[in-house]
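Student: Structure file coords29.txt, compact mmCIF, C-alpha atoms, is pasted below:
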# COMPACT_ATOMS: atom_id res chain seq x y z
CA MET A 1 -29.31 -29.62 72.64
CA LYS A 2 -26.45 -29.41 75.11
CA SER A 3 -24.04 -30.12 72.28
CA ARG A 4 -25.50 -27.24 70.26
CA GLY A 5 -25.14 -24.81 73.14
CA LEU A 6 -21.51 -25.81 73.64
CA MET A 7 -20.87 -25.42 69.92
CA PHE A 8 -22.38 -21.91 70.04
CA ILE A 9 -20.19 -20.87 72.98
CA PHE A 10 -17.07 -22.37 71.41
CA SER A 11 -17.48 -20.71 68.01
CA PHE A 12 -18.41 -17.41 69.64
CA VAL A 13 -15.20 -17.44 71.71
CA VAL A 14 -13.12 -18.23 68.63
CA TRP A 15 -14.82 -15.38 66.77
CA CYS A 16 -14.10 -12.96 69.63
CA ILE A 17 -10.43 -13.92 69.60
CA LEU A 18 -10.13 -13.54 65.85
CA THR A 19 -11.63 -10.04 65.88
CA TRP A 20 -9.88 -9.13 69.08
CA VAL A 21 -10.79 -5.61 70.15
CA PRO A 22 -14.43 -6.25 71.17
CA ASP A 23 -16.92 -3.95 69.52
CA ILE A 24 -20.72 -4.01 69.46
CA GLN A 25 -20.89 -4.65 65.71
CA HIS A 26 -18.38 -7.48 65.90
CA LEU A 27 -20.30 -9.07 68.77
CA ILE A 28 -23.67 -8.95 66.98
CA ALA A 29 -22.26 -10.37 63.74
CA GLY A 30 -20.41 -13.06 65.70
CA ALA A 31 -23.57 -14.08 67.55
CA ALA A 32 -25.49 -14.43 64.28
CA VAL A 33 -22.75 -16.44 62.58
CA SER A 34 -22.20 -18.77 65.54
CA MET A 35 -25.95 -19.36 65.83
CA VAL A 36 -26.09 -20.49 62.20
CA VAL A 37 -23.03 -22.70 62.70
CA ALA A 38 -24.50 -24.23 65.86
CA LEU A 39 -27.83 -24.95 64.15
CA VAL A 40 -26.24 -26.63 61.14
CA MET A 41 -23.25 -28.47 62.63
CA GLY A 42 -24.12 -28.68 66.32
CA SER A 43 -25.29 -32.26 66.51
CA MET A 44 -21.93 -33.62 65.35
CA PHE A 45 -19.80 -31.68 67.82
CA LEU A 46 -19.89 -33.83 70.94
CA THR A 47 -21.47 -37.19 71.55
CA ARG A 48 -20.92 -37.23 75.29
CA PRO A 49 -21.13 -33.63 76.56
CA HIS A 50 -21.09 -34.52 80.24
CA MET A 51 -17.43 -35.59 79.94
CA LEU A 52 -16.38 -31.97 79.43
CA PHE A 53 -17.52 -30.80 82.85
CA ASN A 54 -15.61 -33.27 84.98
CA PRO A 55 -12.93 -31.22 86.78
CA ILE A 56 -10.70 -34.24 87.44
CA ARG A 57 -10.49 -35.00 83.74
CA ILE A 58 -9.72 -31.36 82.86
CA PHE A 59 -7.06 -31.26 85.58
CA TYR A 60 -5.41 -34.42 84.27
CA PHE A 61 -5.59 -33.14 80.70
CA VAL A 62 -4.00 -29.75 81.37
CA PHE A 63 -1.38 -30.64 83.96
CA TRP A 64 -0.39 -34.16 82.94
CA TYR A 65 -1.07 -34.76 79.26
CA VAL A 66 -0.03 -31.39 77.82
CA PRO A 67 3.47 -31.14 79.44
CA VAL A 68 4.34 -34.76 78.60
CA PHE A 69 3.13 -34.22 75.04
CA ALA A 70 5.18 -31.03 74.57
CA TRP A 71 8.33 -32.70 75.92
CA GLU A 72 7.88 -35.73 73.64
CA LEU A 73 7.33 -33.40 70.67
CA ILE A 74 10.62 -31.58 71.26
CA LYS A 75 12.46 -34.88 71.74
CA ALA A 76 10.95 -36.20 68.50
CA ASN A 77 12.26 -33.23 66.58
CA PHE A 78 15.83 -33.67 67.76
CA ASP A 79 15.59 -37.38 66.96
CA VAL A 80 14.39 -36.76 63.40
CA ALA A 81 16.94 -33.98 62.88
CA TYR A 82 19.74 -36.36 63.94
CA ARG A 83 18.54 -39.03 61.52
CA VAL A 84 18.28 -36.55 58.66
CA ILE A 85 21.70 -34.94 59.16
CA HIS A 86 23.61 -38.20 59.63
CA PRO A 87 25.28 -39.17 56.30
CA GLU A 88 24.39 -42.87 56.50
CA MET A 89 20.75 -42.28 57.60
CA PRO A 90 20.42 -44.83 60.46
CA ILE A 91 16.85 -45.95 59.78
CA ARG A 92 15.15 -49.38 59.83
CA PRO A 93 11.58 -48.59 58.78
CA GLY A 94 8.63 -50.93 59.06
CA ILE A 95 4.94 -51.11 59.95
CA VAL A 96 4.06 -52.80 63.26
CA ARG A 97 0.86 -53.50 65.22
CA LEU A 98 0.00 -51.89 68.52
CA ARG A 99 -2.82 -53.32 70.61
CA THR A 100 -4.71 -50.83 72.74
CA ARG A 101 -7.50 -51.07 75.25
CA LEU A 102 -8.99 -47.67 74.44
CA ARG A 103 -12.44 -47.84 72.87
CA SER A 104 -13.92 -44.32 72.75
CA ASP A 105 -13.55 -42.25 69.58
CA THR A 106 -11.97 -39.25 71.29
CA GLY A 107 -9.47 -41.40 73.13
CA LEU A 108 -8.42 -43.23 69.99
CA THR A 109 -8.08 -39.97 68.07
CA PHE A 110 -5.91 -38.42 70.75
CA LEU A 111 -3.79 -41.58 70.99
CA ALA A 112 -3.24 -41.62 67.22
CA ASN A 113 -2.32 -37.93 67.13
CA SER A 114 0.07 -38.27 70.07
CA ILE A 115 1.76 -41.26 68.44
CA THR A 116 2.16 -39.34 65.20
CA LEU A 117 3.95 -36.48 66.92
CA THR A 118 6.25 -38.57 69.16
CA PRO A 119 9.71 -39.89 68.25
CA GLY A 120 9.90 -42.00 65.14
CA THR A 121 6.31 -43.21 64.85
CA LEU A 122 3.40 -42.47 62.51
CA THR A 123 -0.11 -43.90 62.69
CA VAL A 124 -1.14 -45.45 59.37
CA ASP A 125 -4.53 -46.98 60.15
CA ILE A 126 -6.89 -47.75 63.01
CA ASN A 127 -8.98 -50.88 63.35
CA ARG A 128 -11.55 -49.78 65.87
CA ASP A 129 -13.29 -53.11 66.42
CA ASP A 130 -10.18 -55.01 67.47
CA GLY A 131 -8.42 -52.04 69.00
CA VAL A 132 -5.37 -52.36 66.77
CA LEU A 133 -3.29 -49.44 65.52
CA TYR A 134 -0.92 -49.90 62.58
CA ILE A 135 2.16 -47.77 63.15
CA HIS A 136 4.98 -46.91 60.78
CA TRP A 137 8.11 -46.96 62.89
CA ILE A 138 11.32 -45.41 61.59
CA ASN A 139 13.61 -47.59 63.72
CA VAL A 140 12.02 -50.98 64.41
CA VAL A 141 13.23 -52.57 67.65
CA GLY A 142 10.93 -55.58 67.76
CA THR A 143 7.64 -56.77 66.33
CA ASP A 144 6.09 -58.74 69.20
CA PRO A 145 3.21 -57.04 71.08
CA GLU A 146 5.07 -56.56 74.39
CA THR A 147 7.95 -54.70 72.78
CA THR A 148 5.74 -52.40 70.75
CA TYR A 149 3.57 -51.62 73.75
CA ARG A 150 6.58 -50.86 75.93
CA GLU A 151 8.29 -48.68 73.34
CA ILE A 152 5.32 -46.81 71.88
CA GLY A 153 2.10 -47.14 73.81
CA SER A 154 3.11 -47.07 77.46
CA ARG A 155 3.80 -43.35 77.49
CA PHE A 156 0.31 -42.22 76.57
CA GLU A 157 -2.20 -45.01 76.92
CA PRO A 158 -2.62 -45.08 80.75
CA MET A 159 -3.18 -41.35 81.02
CA LEU A 160 -5.56 -41.29 78.06
CA ARG A 161 -7.52 -44.12 79.67
CA LYS A 162 -7.81 -42.03 82.77
CA ILE A 163 -8.84 -38.91 80.86
CA PHE A 164 -11.23 -40.15 78.20
CA GLU A 165 -12.60 -43.57 79.13
CA GLU A 166 -15.94 -43.89 80.84
CA ASP A 167 -15.22 -46.18 83.77
CA ALA A 168 -11.78 -45.10 84.89
CA VAL A 169 -12.64 -42.10 87.06
CA GLU A 170 -16.31 -42.28 87.82
CA GLN A 171 -16.26 -45.49 89.82
CA MET B 1 14.73 -8.31 76.03
CA ILE B 2 11.50 -10.09 75.14
CA ASP B 3 12.10 -9.24 71.48
CA THR B 4 15.42 -11.08 71.67
CA ILE B 5 13.75 -14.16 73.15
CA GLY B 6 11.15 -14.08 70.39
CA MET B 7 13.85 -13.82 67.74
CA ILE B 8 15.64 -16.82 69.26
CA PHE B 9 12.37 -18.80 69.02
CA ILE B 10 11.96 -17.74 65.38
CA GLY B 11 15.55 -18.80 64.61
CA LEU B 12 15.07 -22.23 66.21
CA GLY B 13 11.83 -22.77 64.33
CA LEU B 14 13.50 -21.77 61.10
CA GLY B 15 16.29 -24.29 61.67
CA PHE B 16 13.74 -27.08 62.22
CA ASP B 17 11.89 -26.00 59.06
CA VAL B 18 15.04 -26.28 56.96
CA LEU B 19 15.86 -29.68 58.49
CA GLY B 20 12.35 -30.95 57.80
CA CYS B 21 12.53 -29.90 54.16
CA LEU B 22 15.96 -31.52 53.92
CA GLY B 23 14.42 -34.71 55.26
CA LEU B 24 11.71 -34.44 52.62
CA VAL B 25 14.45 -34.46 49.98
CA ARG B 26 16.81 -37.06 51.47
CA LEU B 27 14.72 -39.88 52.96
CA PRO B 28 13.88 -42.87 50.77
CA ASP B 29 10.10 -43.46 50.69
CA VAL B 30 6.77 -41.71 51.27
CA TYR B 31 6.25 -42.82 54.87
CA ASN B 32 9.71 -41.77 56.08
CA ARG B 33 9.38 -38.44 54.30
CA LEU B 34 6.00 -37.93 55.90
CA GLN B 35 7.45 -38.54 59.36
CA ALA B 36 10.36 -36.15 59.03
CA ALA B 37 8.41 -33.44 57.27
CA THR B 38 5.35 -33.53 59.51
CA LYS B 39 7.20 -33.46 62.81
CA CYS B 40 9.93 -30.98 61.97
CA VAL B 41 7.84 -28.54 59.97
CA THR B 42 4.99 -28.55 62.49
CA LEU B 43 7.23 -27.76 65.45
CA GLY B 44 9.24 -25.28 63.39
CA THR B 45 6.18 -23.32 62.32
CA CYS B 46 4.84 -23.43 65.88
CA GLY B 47 8.17 -21.94 67.01
CA ILE B 48 7.89 -19.16 64.43
CA LEU B 49 4.32 -18.39 65.53
CA PHE B 50 5.30 -18.39 69.22
CA GLY B 51 8.16 -16.03 68.40
CA THR B 52 5.65 -13.80 66.61
CA PHE B 53 3.50 -13.88 69.73
CA LEU B 54 6.45 -12.70 71.83
CA VAL B 55 7.79 -10.08 69.40
CA SER B 56 4.41 -8.52 68.77
CA GLY B 57 4.06 -7.78 72.46
CA GLY B 58 2.00 -10.46 74.18
CA PHE B 59 -1.78 -10.44 74.11
CA THR B 60 -2.46 -8.04 71.29
CA GLU B 61 -4.42 -8.84 68.12
CA THR B 62 -1.45 -10.47 66.43
CA GLY B 63 -0.55 -12.44 69.54
CA PHE B 64 -4.03 -13.94 69.95
CA LYS B 65 -4.20 -14.90 66.30
CA ALA B 66 -0.78 -16.53 66.52
CA LEU B 67 -1.91 -18.65 69.49
CA ILE B 68 -5.05 -19.76 67.62
CA ALA B 69 -2.89 -20.70 64.64
CA ILE B 70 -0.63 -22.81 66.91
CA VAL B 71 -3.59 -24.77 68.31
CA PHE B 72 -5.00 -25.29 64.83
CA LEU B 73 -1.68 -26.53 63.41
CA VAL B 74 -1.05 -29.00 66.23
CA LEU B 75 -4.56 -30.43 65.81
CA ALA B 76 -4.61 -30.53 62.00
CA SER B 77 -1.22 -31.71 60.83
CA PRO B 78 -1.22 -35.25 62.38
CA VAL B 79 -4.66 -35.84 60.87
CA ALA B 80 -3.39 -34.84 57.43
CA ALA B 81 -0.33 -37.07 57.80
CA HIS B 82 -2.53 -40.00 58.87
CA ALA B 83 -4.87 -39.51 55.89
CA VAL B 84 -2.04 -39.28 53.37
CA SER B 85 -0.22 -42.35 54.70
CA ARG B 86 -3.40 -44.43 54.75
CA GLY B 87 -4.30 -43.33 51.23
CA ALA B 88 -0.79 -44.12 50.00
CA HIS B 89 -0.87 -47.59 51.53
CA ARG B 90 -4.35 -48.34 50.14
CA ALA B 91 -3.22 -47.11 46.71
CA GLY B 92 -0.53 -49.77 46.74
CA ILE B 93 2.60 -47.67 47.13
CA LYS B 94 5.37 -49.98 48.35
CA LEU B 95 7.60 -49.43 51.35
CA TRP B 96 11.35 -48.99 50.95
CA ASP B 97 13.32 -52.08 49.83
CA ARG B 98 15.23 -52.36 53.08
CA SER B 99 12.15 -52.07 55.31
CA VAL B 100 12.00 -54.65 58.06
CA VAL B 101 8.34 -55.64 58.45
CA ASP B 102 4.92 -54.71 57.08
CA SER B 103 2.19 -56.06 59.36
CA TYR B 104 -0.48 -53.89 57.76
CA ALA B 105 -0.07 -55.55 54.35
CA GLU B 106 -0.15 -58.99 56.01
CA ASP B 107 -3.44 -58.20 57.77
CA LYS B 108 -4.96 -56.75 54.63
CA GLU B 109 -4.05 -59.92 52.71
CA GLY B 110 -5.78 -61.94 55.41
CA GLU B 111 -8.99 -59.92 55.04
CA ALA B 112 -9.17 -60.06 51.26
CA MET C 1 30.11 -42.11 46.53
CA LYS C 2 27.10 -41.56 48.76
CA ARG C 3 29.24 -39.81 51.36
CA LEU C 4 30.71 -37.59 48.63
CA ARG C 5 27.24 -36.55 47.50
CA TRP C 6 26.28 -35.87 51.10
CA ILE C 7 29.34 -33.66 51.65
CA ALA C 8 28.71 -31.71 48.44
CA GLY C 9 25.07 -31.09 49.36
CA ALA C 10 25.94 -30.04 52.91
CA VAL C 11 28.60 -27.60 51.67
CA VAL C 12 26.18 -26.03 49.17
CA LEU C 13 23.39 -25.65 51.75
CA LEU C 14 25.68 -24.26 54.45
CA GLY C 15 27.18 -21.82 51.94
CA LEU C 16 23.72 -20.60 50.93
CA ILE C 17 22.60 -20.14 54.55
CA ILE C 18 25.80 -18.29 55.53
CA LEU C 19 25.48 -16.11 52.43
CA ILE C 20 21.91 -15.25 53.43
CA ILE C 21 22.94 -14.40 57.02
CA VAL C 22 25.89 -12.25 55.96
CA LEU C 23 24.13 -10.57 53.03
CA PRO C 24 23.21 -6.92 53.64
CA PHE C 25 19.49 -6.68 53.18
CA ARG C 26 17.69 -4.03 51.16
CA SER C 27 14.20 -3.43 52.45
CA ILE C 28 11.26 -4.35 50.28
CA PHE C 29 8.64 -4.08 53.02
CA PHE C 30 6.73 -1.20 54.55
CA ARG C 31 8.81 0.52 57.21
CA GLN C 32 6.78 0.29 60.39
CA ASN C 33 9.12 -1.53 62.75
CA PRO C 34 12.49 -0.58 61.29
CA GLU C 35 14.48 -2.41 63.96
CA HIS C 36 13.17 -5.80 62.79
CA ILE C 37 13.51 -5.30 59.05
CA GLY C 38 16.92 -6.89 58.47
CA PHE C 39 16.13 -9.92 60.62
CA VAL C 40 12.79 -10.47 58.92
CA GLY C 41 14.41 -10.26 55.49
CA ARG C 42 16.86 -13.02 56.32
CA VAL C 43 14.06 -15.16 57.74
CA VAL C 44 12.12 -14.73 54.49
CA TYR C 45 15.17 -15.73 52.43
CA ILE C 46 15.70 -18.92 54.46
CA LEU C 47 11.98 -19.80 54.14
CA ILE C 48 12.27 -19.36 50.37
CA LEU C 49 15.30 -21.70 50.43
CA SER C 50 13.30 -24.43 52.19
CA SER C 51 10.39 -23.87 49.79
CA LEU C 52 12.83 -24.56 46.95
CA LEU C 53 13.70 -27.89 48.61
CA VAL C 54 9.98 -28.70 48.80
CA LEU C 55 9.47 -27.74 45.14
CA PHE C 56 12.31 -30.10 44.19
CA ARG C 57 10.29 -32.90 45.77
CA VAL C 58 7.15 -31.77 43.92
CA LEU C 59 9.01 -31.94 40.59
CA ARG C 60 10.92 -35.18 41.17
CA GLY C 61 8.47 -37.12 43.35
CA PRO C 62 8.26 -40.64 41.98
CA THR C 63 4.66 -41.19 43.13
CA ALA C 64 1.57 -39.04 43.58
CA ALA C 65 1.72 -39.36 47.38
CA ASP C 66 5.12 -37.65 47.46
CA ARG C 67 3.68 -34.67 45.66
CA ILE C 68 0.70 -34.49 48.03
CA VAL C 69 3.01 -34.54 51.06
CA ALA C 70 5.15 -31.80 49.55
CA ILE C 71 2.14 -29.57 48.83
CA ASP C 72 0.93 -30.05 52.42
CA ILE C 73 4.31 -29.06 53.83
CA PHE C 74 4.40 -26.06 51.48
CA GLY C 75 1.11 -24.84 52.96
CA ILE C 76 2.48 -25.06 56.51
CA LEU C 77 5.60 -23.11 55.47
CA ILE C 78 3.38 -20.36 54.07
CA VAL C 79 1.65 -20.04 57.47
CA GLY C 80 5.07 -19.30 58.98
CA LEU C 81 5.83 -16.83 56.18
CA CYS C 82 2.61 -14.93 56.89
CA ALA C 83 3.46 -14.74 60.62
CA VAL C 84 6.88 -13.29 59.86
CA LEU C 85 5.40 -10.75 57.43
CA SER C 86 2.97 -9.62 60.10
CA ILE C 87 5.97 -8.77 62.30
CA ALA C 88 7.59 -6.80 59.47
CA THR C 89 4.56 -4.69 58.67
CA GLY C 90 2.84 -4.55 62.04
CA ARG C 91 -0.50 -5.51 60.51
CA SER C 92 -2.40 -8.34 62.14
CA TRP C 93 -4.43 -9.47 59.14
CA TYR C 94 -1.40 -11.25 57.69
CA ILE C 95 -1.99 -14.00 60.27
CA ASP C 96 -5.63 -14.20 59.10
CA ILE C 97 -4.29 -14.97 55.64
CA GLY C 98 -2.06 -17.61 57.20
CA ILE C 99 -4.89 -19.30 59.12
CA ALA C 100 -7.14 -19.35 56.05
CA TRP C 101 -4.32 -20.74 53.90
CA GLY C 102 -3.63 -23.45 56.45
CA LEU C 103 -7.31 -24.47 56.56
CA GLN C 104 -7.53 -24.62 52.78
CA SER C 105 -4.33 -26.66 52.57
CA PHE C 106 -5.59 -29.09 55.23
CA ILE C 107 -8.92 -29.65 53.48
CA GLY C 108 -7.19 -30.00 50.12
CA THR C 109 -4.80 -32.60 51.53
CA LEU C 110 -7.70 -34.61 52.97
CA ALA C 111 -9.56 -34.52 49.65
CA LEU C 112 -6.47 -35.52 47.64
CA SER C 113 -5.70 -38.43 49.95
CA LYS C 114 -9.31 -39.65 49.68
CA TYR C 115 -8.92 -39.50 45.91
CA LEU C 116 -5.67 -41.46 46.14
CA GLU C 117 -7.34 -44.08 48.29
CA GLY C 118 -10.30 -44.53 45.95
CA ARG C 119 -8.02 -45.29 43.03
CA SER C 120 -6.87 -48.65 44.40
CA PHE C 121 -7.83 -52.05 43.01
CA ASP C 122 -9.30 -53.33 46.23
CA ASP C 123 -12.81 -51.94 46.17
Show me the file's structure as structure tokens.

Tutor:
Amino acid sequence: MKSRGLMFIFSFVVWCILTWVPDIQHLIAGAAVSMVVALVMGSMFLTRPHMLFNPIRIFYFVFWYVPVFAWELIKANFDVAYRVIHPEMPIRPGIVRLRTRLRSDTGLTFLANSITLTPGTLTVDINRDDGVLYIHWINVVGTDPETTYREIGSRFEPMLRKIFEEDAVEQ
Amino acid sequence: MIDTIGMIFIGLGLGFDVLGCLGLVRLPDVYNRLQAATKCVTLGTCGILFGTFLVSGGFTETGFKALIAIVFLVLASPVAAHAVSRGAHRAGIKLWDRSVVDSYAEDKEGEA
Amino acid sequence: MKRLRWIAGAVVLLGLIILIIVLPFRSIFFRQNPEHIGFVGRVVYILILSSLLVLFRVLRGPTAADRIVAIDIFGILIVGLCAVLSIATGRSWYIDIGIAWGLQSFIGTLALSKYLEGRSFDD
């Protein structure tokens, strides 16, 4: 029920932004459409709605994760541009394993997306039971678990544990 | 003034777009192409949309829609890249000849 | 030999981009913000140039996955094209077209990659 209410509010806000100058007809049509969407799709939106209202998690997400992510994204683009322009193409591609201690769905999804948009790495598959991510790396430095964790995972995994995992903040 | 800043953003994004498409042509196999194209074209298009947000005068209709499009692109494009690379690997498309290691194929052999 | 090919390609691309920047632009759009028209025209030309690179990969791609990647990237480029056109004409529904195109392209890419995955010999 809580998930459906959140879905209604979320889709209503998106509707208001898309039809920006607010008008009584737009608002009524938007309310009807978001109610239908919330009734049909609402139960799949969030599995743990209480996580959204924790101010510490929101604070960490906005002021720690987003700036680091934007900086890594810009760095990744210059890295790829250098590799593309260089005549000899200095690449050593390969697929390596990365062990992670994240277990929740949202945390794993955010970790995979962050890895895809950071320098030289692309998530190929996730094995959720063992907590293993298979990562295509454009310039392989080493294949043992310590090296891959230090080069790829250590930038994002601690903060995502703090933001999305159950037991990191609430204890 | 703010128009000039927006145009600089659009120019930077355009440069990254061209470089990403160049990477799509030059790099040797599907996974490398996917990396270059996804990263460069996503940031380039986000730059163009942010420049649109600035040129069109901040929080007007166009500006709001441009911001929504940025959020949508950043969320959607890694998921598409992940799905395509996983599908390609499951369909048996080989890595480049000079690739170093393929742990995923080793683990899949172990399962089967 | 490889270096020679690289130099030839770089010269051709740089020549095209410089030609586009120098070229005087004749307006084909509605005149609503006339001070942005020339800039927007050059931006559209460079986007068409990168779309030609993408179409080369669609034609020559050795496997099906290459073509799927190229189509996905083509969709994202069109989102940028719609944003630039909305500057040129001052109409905000061009970005609506862009958002809808991006959604369709994303869903299409997911469906095509599922199809690619189901074609394997494993299962």

Student: Mind giving me the straight-line distance from atom CA of A:His136 to atom CA of B:Cys21 in Å, one decimal?

Tutor: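 We find that atom CA of A:His136 and atom CA of B:Cys21 lie 19.8 Å from each other.
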
Student: What separation in Å, quoted to one decimal, exists between atom CA of B:Leu54 and atom CA of B:Gly6?

Tutor: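 Those two atoms sit 5.1 Å apart.
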
Student: What does the distance between atom CA of A:Lys2 and atom CA of A:Asp23 come to in Å, to one decimal place?

Tutor: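 Distance reported for this atom pair: 27.8 Å.
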
Student: Please report as a ChimeraX atom specification which residues of chain C come no farther than 10 Å from chain A, using all atoms listed in the file.

Tutor: /C:2-7,10,93,95-96

Student: Residues at most 7 Å from B:Gly87, counting only C-alpha atoms, excluding those fewer than 4 positions away in the same chain, as a list in words?

Tutor: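 Close residues of B:Gly87: Ala83 and Ala91 of chain B; Ser113, Lys114, Leu116 and Glu117 of chain C.
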
Student: Name the closest residue to chain B among the candidates C:Ile97, C:Leu53, C:Ala88, C:Val44; distances are taken between atoms, counting all atoms listed in the file.

Tutor: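 Result for the nearest residue to chain B: C:Leu53.
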
Student: Taking (1.1, -39.8, 54.1) in the file's coordinates as the center, which residues reach within 12 Å of it, counting only C-alpha atoms, put as number ranges by chain?

Tutor: A: 116, 122-125, 136; B: 24, 29-38, 77-91, 93, 95; C: 63-73, 109-110, 112-114, 116-117

Student: So which one's closest to chain B, A:Arg92, A:Arg161, A:Arg155, A:Arg128? Using all atoms listed in the file, please.

Tutor: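 With all atoms listed in the file as the atom set, the closest residue is A:Arg92.
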
Student: Per residue of chain A within 9 Å of chain B, note the shortest atom pair and the distance in Å to one decimal, counting only C-alpha atoms, and order the rows by chain and increasing residue number, as a tab-separated table.

Tutor:
residue	atom	partner	partner_atom	distance
A:Val14	CA	B:Ile68	CA	8.3
A:Ile17	CA	B:Phe64	CA	6.4
A:Leu18	CA	B:Lys65	CA	6.1
A:Thr19	CA	B:Glu61	CA	7.6
A:Trp20	CA	B:Glu61	CA	5.6
A:Val21	CA	B:Glu61	CA	7.4
A:Leu73	CA	B:Leu43	CA	7.7
A:Ile74	CA	B:Leu43	CA	7.7
A:Ala76	CA	B:Lys39	CA	7.3
A:Asn77	CA	B:Cys40	CA	5.6
A:Phe78	CA	B:Cys40	CA	8.7
A:Val80	CA	B:Ala36	CA	6.0
A:Ala81	CA	B:Leu19	CA	6.2
A:Arg83	CA	B:Gly23	CA	8.7
A:Val84	CA	B:Gly23	CA	5.5
A:Ile85	CA	B:Leu19	CA	7.9
A:Met89	CA	B:Leu27	CA	8.0
A:Ile91	CA	B:Ser99	CA	8.9
A:Arg92	CA	B:Ser99	CA	6.1
A:Pro93	CA	B:Ser99	CA	4.9
A:Gly94	CA	B:Val101	CA	4.8
A:Ile95	CA	B:Asp102	CA	4.6
A:Val96	CA	B:Ser103	CA	5.4
A:Arg97	CA	B:Ser103	CA	6.5
A:Thr109	CA	B:Val79	CA	9.0
A:Ala112	CA	B:Pro78	CA	8.3
A:Asn113	CA	B:Pro78	CA	5.6
A:Ser114	CA	B:Pro78	CA	8.4
A:Thr116	CA	B:Pro78	CA	6.0
A:Leu117	CA	B:Lys39	CA	6.0
A:Thr118	CA	B:Lys39	CA	8.2
A:Pro119	CA	B:Lys39	CA	8.8
A:Gly120	CA	B:Gln35	CA	7.2
A:Thr121	CA	B:Gln35	CA	7.3
A:Leu122	CA	B:Gln35	CA	6.5
A:Thr123	CA	B:His82	CA	6.0
A:Val124	CA	B:Arg86	CA	5.2
A:Asp125	CA	B:Arg86	CA	6.1
A:Tyr134	CA	B:Tyr104	CA	6.3
A:Ile135	CA	B:Tyr104	CA	8.6
A:His136	CA	B:Tyr31	CA	7.3
A:Trp137	CA	B:Asn32	CA	8.7
A:Ile138	CA	B:Asn32	CA	6.8
A:Val140	CA	B:Val100	CA	7.3
A:Thr143	CA	B:Val101	CA	8.0

Student: Which neighbours of C:Leu81 fall inside 10 Å, counting all atoms listed in the file, when residues of the same chain fewer than 6 positions from it are skipped, and could you give them as a ChimeraX atom specification?

Tutor: /B:45,48-49 /C:40,43-44,47-48,75,94-95,98

Student: With a distance cut-off of 12 Å and all atoms listed in the file, select the neighbouring residues of stretch 28-34 of chain A, excluding the residue or stretch itself and same-chain residues fewer than 2 positions from it, and output the selection as a compact mmCIF listing (two decimals) with C-alpha atoms, keeping the file's coordinate frame.

Tutor:
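Just written: out-v4.txt:
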# COMPACT_ATOMS: atom_id res chain seq x y z
CA ARG A 4 -25.50 -27.24 70.26
CA GLY A 5 -25.14 -24.81 73.14
CA LEU A 6 -21.51 -25.81 73.64
CA MET A 7 -20.87 -25.42 69.92
CA PHE A 8 -22.38 -21.91 70.04
CA ILE A 9 -20.19 -20.87 72.98
CA PHE A 10 -17.07 -22.37 71.41
CA SER A 11 -17.48 -20.71 68.01
CA PHE A 12 -18.41 -17.41 69.64
CA VAL A 13 -15.20 -17.44 71.71
CA VAL A 14 -13.12 -18.23 68.63
CA TRP A 15 -14.82 -15.38 66.77
CA CYS A 16 -14.10 -12.96 69.63
CA ILE A 17 -10.43 -13.92 69.60
CA LEU A 18 -10.13 -13.54 65.85
CA THR A 19 -11.63 -10.04 65.88
CA TRP A 20 -9.88 -9.13 69.08
CA PRO A 22 -14.43 -6.25 71.17
CA ASP A 23 -16.92 -3.95 69.52
CA ILE A 24 -20.72 -4.01 69.46
CA GLN A 25 -20.89 -4.65 65.71
CA HIS A 26 -18.38 -7.48 65.90
CA VAL A 36 -26.09 -20.49 62.20
CA VAL A 37 -23.03 -22.70 62.70
CA ALA A 38 -24.50 -24.23 65.86
CA LEU A 39 -27.83 -24.95 64.15
CA VAL A 40 -26.24 -26.63 61.14
CA MET A 41 -23.25 -28.47 62.63
CA GLY A 42 -24.12 -28.68 66.32

Student: I'd like to know which of C:Leu77, C:Ala111, C:Met1, C:Ile17 is closest to C:Arg42, using all atoms listed in the file.

Tutor: C:Ile17
